[in-house]
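Quick notes on the structure that follows.
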Amino acid sequence: TANCNVTVSDTPIGSPIIAHNATAAVIMNLPSLIKFECDLEPGGKVLINSSLIEKKVSRDDVVAYYVPANEIANEIFKIKITVMEMLGAYLELTKAVKFESIIEAFKKVFGPTKAHLIPLNEKALMKGAEVIK
């Protein structure tokens, strides 16, 4: 399993180390669900890639959302875009960051040489958000 911790705050973040349970998790495969489901705080939100994970969340003190990320990616013809769909679902669910901010970040990350990838990534974000709406 691979994992990444992200802290989002309106104030300066003193340390990137998460000292408590997560408020949300994006789970892309079964081993990750098994390993990280217990790391959510009660009331936390978990987004599951239901394309690859048939198992349901075993905890009843968290809220689970099942996003068919691979199926959505296949509609857009890019299987590697599943993470963007899950990000879109997460943003719709939490409102942690505005979609416009993500698009602006894409412009900086992709630069002029890869600007043609921005519409595809934006479409993937919106498709993921639609699953939560």
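FYI, nothing fancy with the structure tokens labels: chains A, B, ... in order, residues from 1 per chain, ligands from 1 as they appear.
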* To do: Identify, on the basis of only C-alpha atoms, every residue whose closest approach to Glu37 (chain A) does not exceed 9 Å; exclude the query and any residue fewer than 2 positions from it along the same chain; express the result as an MDAnalysis selection string.
  => chainID A and resid 25 27 32:35 39:40 46 57:59
Take the residues that were just selected and, keeping N, CA and C atoms, output them as a tab-separated table (two decimals), in the first residue's frame.
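Below is the file out-v9.tsv, written as the result:
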```tsv
chain	number	residue	atom	x	y	z
A	25	ALA	N	-10.24	9.92	4.50
A	25	ALA	CA	-9.31	9.03	3.81
A	25	ALA	C	-9.84	8.74	2.42
A	27	ILE	N	-9.36	5.86	-0.24
A	27	ILE	CA	-8.86	4.48	-0.29
A	27	ILE	C	-8.99	3.95	-1.71
A	32	SER	N	-5.19	-1.16	1.27
A	32	SER	CA	-5.22	0.14	1.94
A	32	SER	C	-6.44	0.26	2.85
A	33	LEU	N	-7.58	-0.25	2.43
A	33	LEU	CA	-8.76	-0.23	3.29
A	33	LEU	C	-8.49	-1.01	4.57
A	34	ILE	N	-7.93	-2.18	4.41
A	34	ILE	CA	-7.63	-3.03	5.58
A	34	ILE	C	-6.65	-2.32	6.51
A	35	LYS	N	-5.64	-1.69	5.96
A	35	LYS	CA	-4.59	-1.08	6.78
A	35	LYS	C	-5.01	0.26	7.41
A	39	ASP	N	-7.52	4.17	11.08
A	39	ASP	CA	-6.86	5.45	11.35
A	39	ASP	C	-7.77	6.67	11.23
A	40	LEU	N	-9.04	6.45	10.94
A	40	LEU	CA	-9.99	7.55	10.84
A	40	LEU	C	-10.58	7.87	12.21
A	46	VAL	N	-14.72	8.51	4.54
A	46	VAL	CA	-13.84	7.64	3.77
A	46	VAL	C	-14.41	7.48	2.37
A	57	VAL	N	-16.97	-0.72	4.25
A	57	VAL	CA	-16.31	-0.27	5.47
A	57	VAL	C	-16.94	-1.00	6.65
A	58	SER	N	-16.10	-1.50	7.55
A	58	SER	CA	-16.62	-2.29	8.67
A	58	SER	C	-17.03	-1.43	9.86
A	59	ARG	N	-16.59	-0.19	9.91
A	59	ARG	CA	-16.92	0.67	11.03
A	59	ARG	C	-18.26	1.36	10.82
```
So which residues of region 40-114 of chain A fall under helix (DSSP H, G or I) by DSSP, listed as a CSV table (one decimal) with N, CA, C and O atoms, in the first residue's frame?
```csv
chain,number,residue,atom,x,y,z
A,69,ALA,N,-14.3,4.9,-9.4
A,69,ALA,CA,-13.3,5.7,-10.0
A,69,ALA,C,-12.8,5.1,-11.4
A,69,ALA,O,-12.6,5.8,-12.3
A,70,ASN,N,-12.5,3.8,-11.4
A,70,ASN,CA,-12.0,3.2,-12.7
A,70,ASN,C,-13.1,3.3,-13.8
A,70,ASN,O,-12.7,3.5,-14.9
A,71,GLU,N,-14.3,3.1,-13.4
A,71,GLU,CA,-15.4,3.2,-14.5
A,71,GLU,C,-15.4,4.6,-15.0
A,71,GLU,O,-15.6,4.8,-16.2
A,72,ILE,N,-15.4,5.6,-14.1
A,72,ILE,CA,-15.4,7.0,-14.6
A,72,ILE,C,-14.2,7.2,-15.5
A,72,ILE,O,-14.3,7.8,-16.5
A,73,ALA,N,-13.0,6.7,-15.1
A,73,ALA,CA,-11.8,6.9,-15.8
A,73,ALA,C,-11.9,6.3,-17.2
A,73,ALA,O,-11.5,6.9,-18.2
A,74,ASN,N,-12.5,5.1,-17.3
A,74,ASN,CA,-12.7,4.5,-18.6
A,74,ASN,C,-13.6,5.3,-19.5
A,74,ASN,O,-13.4,5.3,-20.7
A,75,GLU,N,-14.6,6.0,-18.9
A,75,GLU,CA,-15.4,6.9,-19.7
A,75,GLU,C,-14.6,8.0,-20.3
A,75,GLU,O,-14.9,8.5,-21.4
A,76,ILE,N,-13.6,8.5,-19.6
A,76,ILE,CA,-12.8,9.6,-20.1
A,76,ILE,C,-11.6,9.0,-20.9
A,76,ILE,O,-10.8,9.8,-21.4
A,79,ILE,N,-7.2,5.6,-17.6
A,79,ILE,CA,-7.3,4.9,-16.4
A,79,ILE,C,-6.4,5.6,-15.3
A,79,ILE,O,-6.8,5.5,-14.1
A,80,LYS,N,-5.3,6.2,-15.7
A,80,LYS,CA,-4.5,6.8,-14.7
A,80,LYS,C,-5.0,8.1,-14.0
A,80,LYS,O,-4.4,8.7,-13.2
A,81,ILE,N,-6.2,8.5,-14.4
A,81,ILE,CA,-6.8,9.7,-13.9
A,81,ILE,C,-7.7,9.5,-12.7
A,81,ILE,O,-8.4,10.4,-12.2
A,82,THR,N,-7.7,8.2,-12.2
A,82,THR,CA,-8.6,7.9,-11.1
A,82,THR,C,-8.4,8.7,-9.9
A,82,THR,O,-9.3,9.0,-9.1
A,83,VAL,N,-7.1,9.1,-9.6
A,83,VAL,CA,-6.8,9.9,-8.4
A,83,VAL,C,-7.5,11.3,-8.5
A,83,VAL,O,-8.0,11.8,-7.5
A,84,MET,N,-7.6,11.8,-9.7
A,84,MET,CA,-8.2,13.1,-9.9
A,84,MET,C,-9.7,13.0,-9.6
A,84,MET,O,-10.3,13.9,-9.1
A,85,GLU,N,-10.3,11.9,-10.0
A,85,GLU,CA,-11.7,11.7,-9.7
A,85,GLU,C,-12.0,11.6,-8.2
A,85,GLU,O,-12.9,12.2,-7.7
A,86,MET,N,-11.1,10.9,-7.5
A,86,MET,CA,-11.2,10.8,-6.1
A,86,MET,C,-11.0,12.2,-5.4
A,86,MET,O,-11.7,12.5,-4.5
A,87,LEU,N,-10.1,13.0,-6.0
A,87,LEU,CA,-9.9,14.3,-5.4
A,87,LEU,C,-11.1,15.2,-5.6
A,87,LEU,O,-11.5,15.9,-4.7
A,88,GLY,N,-11.7,15.0,-6.8
A,88,GLY,CA,-13.0,15.8,-7.0
A,88,GLY,C,-14.1,15.4,-6.1
A,88,GLY,O,-14.8,16.2,-5.6
A,89,ALA,N,-14.2,14.1,-5.8
A,89,ALA,CA,-15.2,13.6,-4.8
A,89,ALA,C,-14.9,14.2,-3.5
A,89,ALA,O,-15.8,14.6,-2.7
A,90,TYR,N,-13.6,14.1,-3.1
A,90,TYR,CA,-13.2,14.6,-1.8
A,90,TYR,C,-13.5,16.1,-1.6
A,90,TYR,O,-14.1,16.6,-0.6
A,91,LEU,N,-13.2,16.9,-2.7
A,91,LEU,CA,-13.4,18.4,-2.6
A,91,LEU,C,-14.9,18.7,-2.5
A,91,LEU,O,-15.3,19.6,-1.8
A,92,GLU,N,-15.7,17.9,-3.3
A,92,GLU,CA,-17.2,18.1,-3.2
A,92,GLU,C,-17.7,17.8,-1.8
A,92,GLU,O,-18.5,18.5,-1.3
A,93,LEU,N,-17.2,16.8,-1.2
A,93,LEU,CA,-17.6,16.3,0.1
A,93,LEU,C,-17.2,17.3,1.2
A,93,LEU,O,-18.0,17.6,2.1
A,94,THR,N,-15.9,17.7,1.2
A,94,THR,CA,-15.4,18.5,2.3
A,94,THR,C,-15.3,20.0,2.1
A,94,THR,O,-15.2,20.8,3.0
A,99,PHE,N,-12.5,24.3,-6.2
A,99,PHE,CA,-12.1,23.7,-7.5
A,99,PHE,C,-11.2,24.6,-8.3
A,99,PHE,O,-10.3,24.2,-8.9
A,100,GLU,N,-11.5,25.9,-8.3
A,100,GLU,CA,-10.8,26.9,-9.0
A,100,GLU,C,-9.3,27.0,-8.6
A,100,GLU,O,-8.4,27.2,-9.4
A,101,SER,N,-9.1,26.8,-7.3
A,101,SER,CA,-7.7,26.7,-6.8
A,101,SER,C,-6.9,25.6,-7.3
A,101,SER,O,-5.7,25.7,-7.6
A,102,ILE,N,-7.6,24.4,-7.5
A,102,ILE,CA,-6.9,23.2,-8.0
A,102,ILE,C,-6.6,23.5,-9.5
A,102,ILE,O,-5.5,23.2,-9.9
A,103,ILE,N,-7.5,24.1,-10.2
A,103,ILE,CA,-7.3,24.4,-11.7
A,103,ILE,C,-6.1,25.3,-11.8
A,103,ILE,O,-5.2,25.1,-12.7
A,104,GLU,N,-6.0,26.3,-10.9
A,104,GLU,CA,-4.9,27.3,-11.0
A,104,GLU,C,-3.6,26.5,-10.7
A,104,GLU,O,-2.5,26.8,-11.3
A,105,ALA,N,-3.6,25.6,-9.7
A,105,ALA,CA,-2.4,24.8,-9.4
A,105,ALA,C,-2.0,23.9,-10.6
A,105,ALA,O,-0.8,23.8,-10.9
A,106,PHE,N,-3.0,23.4,-11.3
A,106,PHE,CA,-2.7,22.6,-12.5
A,106,PHE,C,-1.9,23.4,-13.5
A,106,PHE,O,-0.9,23.0,-14.1
A,107,LYS,N,-2.3,24.7,-13.7
A,107,LYS,CA,-1.6,25.6,-14.6
A,107,LYS,C,-0.2,25.7,-14.3
A,107,LYS,O,0.7,25.7,-15.1
A,108,LYS,N,0.1,25.9,-13.0
A,108,LYS,CA,1.5,26.0,-12.5
A,108,LYS,C,2.3,24.7,-12.7
A,108,LYS,O,3.4,24.7,-13.1
A,109,VAL,N,1.6,23.6,-12.3
A,109,VAL,CA,2.3,22.3,-12.3
A,109,VAL,C,2.6,21.9,-13.8
A,109,VAL,O,3.7,21.4,-14.1
A,110,PHE,N,1.5,22.0,-14.6
A,110,PHE,CA,1.7,21.5,-16.0
A,110,PHE,C,2.5,22.4,-16.9
A,110,PHE,O,3.1,22.0,-17.8
A,112,PRO,N,3.2,25.5,-19.6
A,112,PRO,CA,2.7,25.6,-21.0
A,112,PRO,C,2.9,24.4,-21.9
A,112,PRO,O,2.1,24.1,-22.8
A,113,THR,N,3.9,23.6,-21.5
A,113,THR,CA,4.1,22.4,-22.4
A,113,THR,C,3.1,21.3,-22.1
A,113,THR,O,2.9,20.4,-23.0
A,114,LYS,N,2.5,21.2,-21.0
A,114,LYS,CA,1.5,20.2,-20.7
A,114,LYS,C,0.1,20.8,-20.4
A,114,LYS,O,-0.8,20.1,-19.9
```
* Asked: How many Å separate CA of Glu130 (chain A) from CA of Val67 (chain A)?
  ->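 Going from CA of Glu130 (chain A) over to CA of Val67 (chain A), I get 9.8 Å.
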* **Å distance separating CA of Gly128 (chain A) from CA of Pro12 (chain A), one decimal place** => 28.9 Å
* Mind checking which residues fall within 9 Å of Val63 (chain A), counting only C-alpha atoms, ignoring those fewer than 5 positions away in the same chain, and posting them as an MDAnalysis selection string? => chainID A and resid 42:47 57
* Hey, which of A:Thr23, A:Asn29, A:Asn5, A:Asn49 ends up closest to Asp61 (chain A)? Count only C-alpha atoms. ->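 Among the listed residues, A:Thr23 lies closest to Asp61 (chain A).
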* **strand (DSSP E or B) residues, from DSSP on the backbone, in chain A, as a list in words** =>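 Those in chain A that DSSP calls strand (DSSP E or B) are Ala22, Thr23, Ala24, Ala25, Val26, Ile27, Leu40, Glu41, Pro42, Gly43, Gly44, Lys45, Val46, Leu47, Ile48, Asn49, Val63, Ala64, Tyr65, Tyr66 and Val67 of chain A.
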Please, could you write that set of residues out with C-alpha atoms as a PDB file, in the first residue's frame?
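To be explicit, this is the file written out as result-v3.pdb:
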```
ATOM      1  CA  ALA A  22      -7.402  11.493  10.078  1.00  0.00           C
ATOM      2  CA  THR A  23     -10.683  13.280   9.398  1.00  0.00           C
ATOM      3  CA  ALA A  24     -10.898  11.772   5.908  1.00  0.00           C
ATOM      4  CA  ALA A  25      -9.309   9.030   3.813  1.00  0.00           C
ATOM      5  CA  VAL A  26      -9.234   8.243   0.109  1.00  0.00           C
ATOM      6  CA  ILE A  27      -8.855   4.482  -0.291  1.00  0.00           C
ATOM      7  CA  LEU A  40      -9.990   7.553  10.844  1.00  0.00           C
ATOM      8  CA  GLU A  41     -11.432   9.528  13.705  1.00  0.00           C
ATOM      9  CA  PRO A  42     -15.077   8.797  14.617  1.00  0.00           C
ATOM     10  CA  GLY A  43     -17.294  10.778  12.273  1.00  0.00           C
ATOM     11  CA  GLY A  44     -14.557  10.758   9.618  1.00  0.00           C
ATOM     12  CA  LYS A  45     -15.255  10.422   5.916  1.00  0.00           C
ATOM     13  CA  VAL A  46     -13.836   7.642   3.772  1.00  0.00           C
ATOM     14  CA  LEU A  47     -13.965   7.604  -0.021  1.00  0.00           C
ATOM     15  CA  ILE A  48     -13.634   4.095  -1.446  1.00  0.00           C
ATOM     16  CA  ASN A  49     -12.676   3.238  -5.031  1.00  0.00           C
ATOM     17  CA  VAL A  63     -19.297   7.844   6.775  1.00  0.00           C
ATOM     18  CA  ALA A  64     -18.373   5.911   3.628  1.00  0.00           C
ATOM     19  CA  TYR A  65     -18.760   7.063   0.028  1.00  0.00           C
ATOM     20  CA  TYR A  66     -18.268   4.576  -2.788  1.00  0.00           C
ATOM     21  CA  VAL A  67     -16.860   6.125  -5.975  1.00  0.00           C
TER      22      VAL A  67
END
```
